[in-house]
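These notes are about the structure you will find just below.
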Amino acid sequence: MQVKQAKKVSGVVRVPGDKSISHRAVMFGAIAEGTTRISGFLAGADCLSTIRCFQQMGVKITRQGDEVTVEGKGWYGLNEPAEVLDVGNSGTTIRLLSGILATQPFHSVLQGDESIARRPMRRVMTPLRQMGARIDGRKEGEYTPLSIRGGDLHGIAYASPVASAQVKSAILLAGLQAAGDTSVTEPMRSRDHTERMLRAFGIDVRQEGLTVTVQGGQQLTAREIEVPGDISSAAFLLAAAFMLPGSELVIQNVGVNPTRTGILDVIRAMGGEVRLENERIWNEEPVADLHVAYRPLNGAVIEGELIPRLIDEIPVIAVLATQATGRTIIRDAQELRVKETDRIATIAEELGKLGAQITPTEDGLIIEGPVQLQGALTDSRGDHRIGMAMAVAALAATGETTIADAEAINVSFPGFAELLSSITEHA
Ligand SMILES: O=C(O)C1=C[C@@H](OP(=O)(O)O)[C@@H](O)[C@H](O)C1
Ligand SMILES: C=C(OP(=O)(O)O)C(=O)O
């Protein structure tokens with residue numbers, strides 16, 4: 001992908017469907033009774049991996065563009081897969097699916113790409129084993145391939161050491177077919193799409209502080225799901241608008257679940273304004289149109305409870321910080337080291353190639369701004385969010401920037417290059 005320096009961005013646009021919600025809609029639809037119709041589905045590579053895994057277990061799923069129909073088979077209608085389930089690049093697929101497979105009275109094997117093979121899985125396998133699932137894998141179940149033989153689970157009260165929606169969701173899904181109650185307590189609140197969508201499918205989910213509890217033996221009932229636009233995708237466009245003077249954007253139908261809107265809080269703390277217009281609720285999820293206009297920003301400190309609310313946006317926040325006045329400090333974000341790439345190291349190295357003043361720390365980044373970036377040859381390193389962050393950085397860099405391995409962007413934002421060029425005005 002080639003990106004030239006831009007003067008500004010402007011327009012009224014929509015971003016593809018929310019990735020977290022799209023995965024869950026397919027998974028919950030597959031184990032529900034009845035037919036689930038999904039609109040606004042994200043047809044990105046990760047969510048397509050989720051569809052394929054359930055098709056391998058005999059679930060009939062059809063897709064036309066962003067409309068998906070899932071013919072639910074109930075909790076025990078899945079077939080033992082004849083082949084290895086391939087999760088591709090998707091952490092959400094492998095971790096949430098493990099929670100469902102832990103309830104199934106058959107054997108399954110999960111594997112993904114080179115990136116998945118480096119990501120930690122014991123955070124999910126440890127509680128699922130405590131519930132009674134038999135799980136094995138490389139390095140005692142820390143890494144793929146994973147093998148799961150489920151069934152006969154009992155509920156647990158689990159205190160998770162990480163604020164991870166993938167961990168929480170896997171345990172809650174297993175808990176729905178375990179004897180007694182299952183609860184998960186997190187150190188900080190992570191995204192709550194599972195809790196909201198389970199309720200939409202008729203499940204009783206109890207929340208008390210940082211503890212979520214479900215009772216075993218509950219069935220899901222199919223329903224229609226309308227997926228809002230992904231705020232994690234919108235974040236790239238928002239950042240562009242606050243880097244290029246004169247920019248103005250409206251991004252329609254964006255999910256604004258408070259567990260996901262840390263990026264909006266950061267923009268405001270840096271001196272920007274984001275107007276939420278046309279606010280409404282789609283299947284338990286708040287949705288709004290985001291209206292932004294350029295304003296010069298200042299550096300900020302980003303830490304603590306804010307981090308899980310913007311974890312996937314940190315690469316592009318680092319880009320934004322290169323154009324803000326003063327120092328931006330990001331702390332408590334060590335989870336970034338175990339994403340598709342080590343995102344602390346990767347963004348520091350790739351932005352460094354454009355001349356950014358960015359220093360990686362053990363759990364975050366320190367960025368000085370404003371700095372005039374210069375076009376260069378960069379690489380997504382197979383990480384969709386790094387690829388898009390570098391494309392946004394390129395808009396503020398002199399000359400032209402080349403992003404190698406930009407196909408990775410299809411994991412979460414198919415059509416990104418076309419959308420970006422449709423809103424960009426060159427000098
Ligand atoms: O549950 C989800 O849909 C996700 C949870 C987050 O991961 P963790 O649960 O590892 O924090 C996030 O980074 C990922 O993109 C999607
Ligand atoms: C970390 C991400 O996704 P996953 O964990 O599902 O691979 C992401 O989309 O940035």
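Residues are named by chain letter and number: chains run A, B, ... in the order of the structure tokens, numbers start at 1 in each chain, and ligands are numbered from 1 in the order shown.
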>> Quick one: residues within 12 Å of Cys53 in chain A, only C-alpha atoms, excluding same-chain residues fewer than 2 positions away - as a ChimeraX atom specification?
In response: /A:23,26-27,30,46-51,55-61,78-88,90,93-94,96-98,100-101,108-112
Between chain A and ligand 2, at 7 Å or less, what are the per-residue closest atom pairs and their distances in Å? Count only C-alpha atoms and all ligand atoms, order by chain and rising residue number, and return it as a tab-separated table.
```
residue	atom	partner	partner_atom_place_in_ligand_line	distance
A:Asn89	CA	ligand 2	7 (O)	5.9
A:Ser90	CA	ligand 2	7 (O)	3.9
A:Gly91	CA	ligand 2	7 (O)	3.5
A:Thr92	CA	ligand 2	6 (O)	3.7
A:Thr93	CA	ligand 2	6 (O)	6.5
A:Asp312	CA	ligand 2	10 (O)	4.7
A:Lys339	CA	ligand 2	1 (C)	5.0
A:Glu340	CA	ligand 2	7 (O)	6.0
A:Arg385	CA	ligand 2	10 (O)	6.2
A:Ser412	CA	ligand 2	9 (O)	6.6
```
> So which one's closest to Thr36 in chain A, A:Val292, A:Val167, A:Ile225, A:Ile263? Using only C-alpha atoms, please.
Replying inline: A:Ile225
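Proximal residues of ligand 1 are Lys19, Ser20, Thr92, Ala163, Ser164, Ala165, Gln166, Val167, Arg191, Pro308, Ile311 and Asp312 of chain A, by a cut-off of 7 Å on only C-alpha atoms and all ligand atoms.
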Got time to write the residues from that selection, C-alpha atoms, as a short mmCIF file (atom, residue, chain, number, x, y, z; two decimals), in the first residue's frame?
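Below you can see part-v1.cif, which holds the result:
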```cif
data_model
loop_
_atom_site.label_atom_id
_atom_site.label_comp_id
_atom_site.auth_asym_id
_atom_site.auth_seq_id
_atom_site.Cartn_x
_atom_site.Cartn_y
_atom_site.Cartn_z
CA LYS A 19 -15.26 -7.43 15.15
CA SER A 20 -15.98 -8.47 18.76
CA THR A 92 -10.97 -14.03 19.82
CA ALA A 163 -8.50 -7.82 32.38
CA SER A 164 -9.35 -9.81 29.26
CA ALA A 165 -12.76 -10.13 27.64
CA GLN A 166 -11.53 -13.25 25.84
CA VAL A 167 -10.72 -14.97 29.15
CA ARG A 191 -15.34 -5.11 27.12
CA PRO A 308 -8.59 -2.09 28.59
CA ILE A 311 -6.21 -1.55 24.12
CA ASP A 312 -6.49 -2.11 20.35
#
```
> By how many Å are CA of Arg95 in chain A and CA of Met125 in chain A apart?
Replying inline: 8.7 Å
> Can you list, as a list of chain:residue names, every residue of range 175-222 of chain A that DSSP puts in helix (DSSP H, G or I)?
Replying inline: A:Gly175, A:His193, A:Thr194, A:Glu195, A:Arg196, A:Met197, A:Leu198, A:Arg199, A:Ala200
>> I need the residues of range 260-417 of chain A that end up classed as strand (DSSP E or B) by DSSP on the backbone, written out as an MDAnalysis selection string.
In response: chainID A and resid 274:282 285:293 298 301:302 325:330 357:361 364:369 373:374 377:379 397:398 400:404
>> When you count only C-alpha atoms, which of these residues is closest to Glu350 in chain A: A:Ala393, A:Ile317, A:Ala179, A:Leu310?
In response: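 Once distances to Glu350 in chain A are computed over only C-alpha atoms, the minimum belongs to A:Ala393.
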> Taking into account only C-alpha atoms, which residue in the set A:Val15, A:Met121, A:Ala293, A:Met270 is nearest to Gly44 in chain A?
Replying inline: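 Closest to Gly44 in chain A, using only C-alpha atoms: A:Val15.
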> Of the residues A:Leu290, A:Ile403, A:Met197, A:Val411, which is the one nearest to Ala32 in chain A, using only C-alpha atoms?
Replying inline: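 Of A:Leu290, A:Ile403, A:Met197, A:Val411, the one nearest Ala32 in chain A is A:Met197, counting only C-alpha atoms.
All residues of protein, DNA or RNA that reach within 12 Å of Glu208 in chain A, judged by only C-alpha atoms and not counting those fewer than 4 positions away in the chain, are A:Ser183, A:Val184, A:Thr185, A:Glu186, A:Arg189, A:Val212, A:Thr213, A:Val214.
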Would you save the residues from that selection as a PDB file, in the first residue's frame, using C-alpha atoms?
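Written output follows (result-v7.pdb):
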```
ATOM      1  CA  SER A 183     -18.327 -16.438  38.131  1.00  0.00           C
ATOM      2  CA  VAL A 184     -15.401 -14.425  36.828  1.00  0.00           C
ATOM      3  CA  THR A 185     -13.870 -11.481  38.664  1.00  0.00           C
ATOM      4  CA  GLU A 186     -11.582  -9.173  36.680  1.00  0.00           C
ATOM      5  CA  ARG A 189     -13.478  -3.998  33.537  1.00  0.00           C
ATOM      6  CA  VAL A 212     -20.020 -11.598  36.391  1.00  0.00           C
ATOM      7  CA  THR A 213     -21.996 -14.767  37.180  1.00  0.00           C
ATOM      8  CA  VAL A 214     -24.035 -17.227  35.135  1.00  0.00           C
TER       9      VAL A 214
END
```
>> Neighbouring residues of Arg280 in chain A were defined as those with any atom within 10 Å, considering only C-alpha atoms; residues of the same chain fewer than 6 positions away were excluded. Please report them as a list in words.
In response: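 Everything that qualifies: Asn253, Gly255, Val256, Pro286, Val287, Ala288 and Asp289 of chain A.
With only C-alpha atoms as the atoms that count, the residue of A:Glu284, A:Glu425, A:Glu142, A:Glu224 with the shortest distance to Arg118 in chain A is A:Glu142.
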Near-Asp66 in chain A list (12 Å; only C-alpha atoms; drop same-chain fewer than 4 positions) as a compact mmCIF listing (two decimals) with N, CA and C atoms, in the first residue's frame:
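Okay, selection_28.txt is ready:
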```
# COMPACT_ATOMS: atom_id res chain seq x y z
N PRO A 16 -16.73 -0.73 8.73
CA PRO A 16 -17.29 -2.08 8.81
C PRO A 16 -17.71 -2.46 10.24
N GLY A 17 -18.47 -3.54 10.32
CA GLY A 17 -19.05 -3.98 11.58
C GLY A 17 -18.02 -4.30 12.66
N ASP A 18 -18.50 -4.22 13.90
CA ASP A 18 -17.64 -4.46 15.06
C ASP A 18 -17.15 -5.92 15.05
N SER A 22 -19.34 -9.22 15.93
CA SER A 22 -19.57 -10.15 14.81
C SER A 22 -19.18 -11.57 15.19
N ARG A 37 -30.31 -14.18 12.42
CA ARG A 37 -29.95 -13.37 11.24
C ARG A 37 -29.12 -12.19 11.71
N ILE A 38 -27.97 -12.02 11.07
CA ILE A 38 -27.03 -10.97 11.46
C ILE A 38 -26.92 -9.98 10.30
N SER A 39 -27.04 -8.68 10.59
CA SER A 39 -26.76 -7.68 9.55
C SER A 39 -25.62 -6.80 10.03
N GLY A 40 -24.89 -6.23 9.08
CA GLY A 40 -23.74 -5.40 9.43
C GLY A 40 -22.54 -6.23 9.89
N PHE A 41 -22.55 -7.52 9.57
CA PHE A 41 -21.46 -8.43 9.97
C PHE A 41 -20.14 -7.98 9.34
N LEU A 42 -19.07 -8.09 10.11
CA LEU A 42 -17.73 -7.77 9.60
C LEU A 42 -17.20 -8.96 8.79
N ALA A 43 -17.11 -8.77 7.48
CA ALA A 43 -16.58 -9.86 6.63
C ALA A 43 -15.06 -9.76 6.54
N GLY A 44 -14.41 -9.57 7.67
CA GLY A 44 -12.95 -9.56 7.75
C GLY A 44 -12.45 -10.98 8.00
N CYS A 47 -13.34 -12.86 11.42
CA CYS A 47 -14.72 -13.33 11.64
C CYS A 47 -15.07 -14.43 10.64
N LEU A 48 -14.44 -14.42 9.48
CA LEU A 48 -14.65 -15.52 8.52
C LEU A 48 -14.05 -16.81 9.08
N THR A 62 -24.76 -19.20 6.16
CA THR A 62 -24.64 -18.63 4.82
C THR A 62 -24.42 -17.13 4.94
N ILE A 225 -29.59 -9.87 15.00
CA ILE A 225 -28.53 -9.01 15.54
C ILE A 225 -28.11 -8.02 14.46
N GLU A 226 -28.12 -6.74 14.83
CA GLU A 226 -27.63 -5.69 13.94
C GLU A 226 -26.31 -5.23 14.53
N VAL A 227 -25.22 -5.40 13.79
CA VAL A 227 -23.88 -5.12 14.32
C VAL A 227 -23.52 -3.65 14.06
N PRO A 228 -23.18 -2.90 15.09
CA PRO A 228 -22.74 -1.51 14.85
C PRO A 228 -21.35 -1.45 14.24
N GLY A 229 -20.97 -0.28 13.71
CA GLY A 229 -19.61 -0.08 13.19
C GLY A 229 -18.60 -0.21 14.32
N PRO A 414 -11.66 -4.75 5.95
CA PRO A 414 -11.61 -4.86 4.49
C PRO A 414 -12.08 -3.53 3.89
```
Closest contacts (range 258-326 of chain A/range 370-382 of chain A, max 9 Å, only C-alpha atoms) as JSON lines:
```
{"residue": "A:Ala321", "atom": "CA", "partner": "A:Pro370", "partner_atom": "CA", "distance": 7.7}
{"residue": "A:Thr322", "atom": "CA", "partner": "A:Pro370", "partner_atom": "CA", "distance": 5.4}
{"residue": "A:Gln323", "atom": "CA", "partner": "A:Pro370", "partner_atom": "CA", "distance": 4.3}
{"residue": "A:Ala324", "atom": "CA", "partner": "A:Pro370", "partner_atom": "CA", "distance": 5.2}
{"residue": "A:Thr325", "atom": "CA", "partner": "A:Pro370", "partner_atom": "CA", "distance": 5.2}
{"residue": "A:Gly326", "atom": "CA", "partner": "A:Pro370", "partner_atom": "CA", "distance": 7.0}
```
Convert the current residue selection to file output with C-alpha atoms, as a compact mmCIF listing (two decimals), in the first residue's frame.
```txt
# COMPACT_ATOMS: atom_id res chain seq x y z
CA ALA A 321 0.69 11.63 19.72
CA THR A 322 3.52 12.33 17.23
CA GLN A 323 1.47 15.33 16.01
CA ALA A 324 0.32 16.57 19.46
CA THR A 325 2.22 19.20 21.41
CA GLY A 326 4.25 17.81 24.29
```
> Could you name the residues that touch Glu33 in chain A at 9 Å or less, counting only C-alpha atoms, but leaving out those on the same chain fewer than 3 positions away, as a list in words?
Replying inline: Gly29, Ala30, Thr36, Glu71, Gly72, Lys73, Gly74, Trp75, Gln219, Leu220, Thr221 and Ala222 of chain A
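Proximity of A:Gln215, A:Met1, A:Ile231, A:Ala25 to Ile203 in chain A, computed with only C-alpha atoms, is greatest for A:Gln215.
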> Could you pull the residues within 10 Å of Thr341 in chain A, counting only C-alpha atoms, minus those fewer than 2 positions along the same chain, as number ranges by chain?
Replying inline: A: 115-116, 118-119, 336-339, 343-347, 380-386
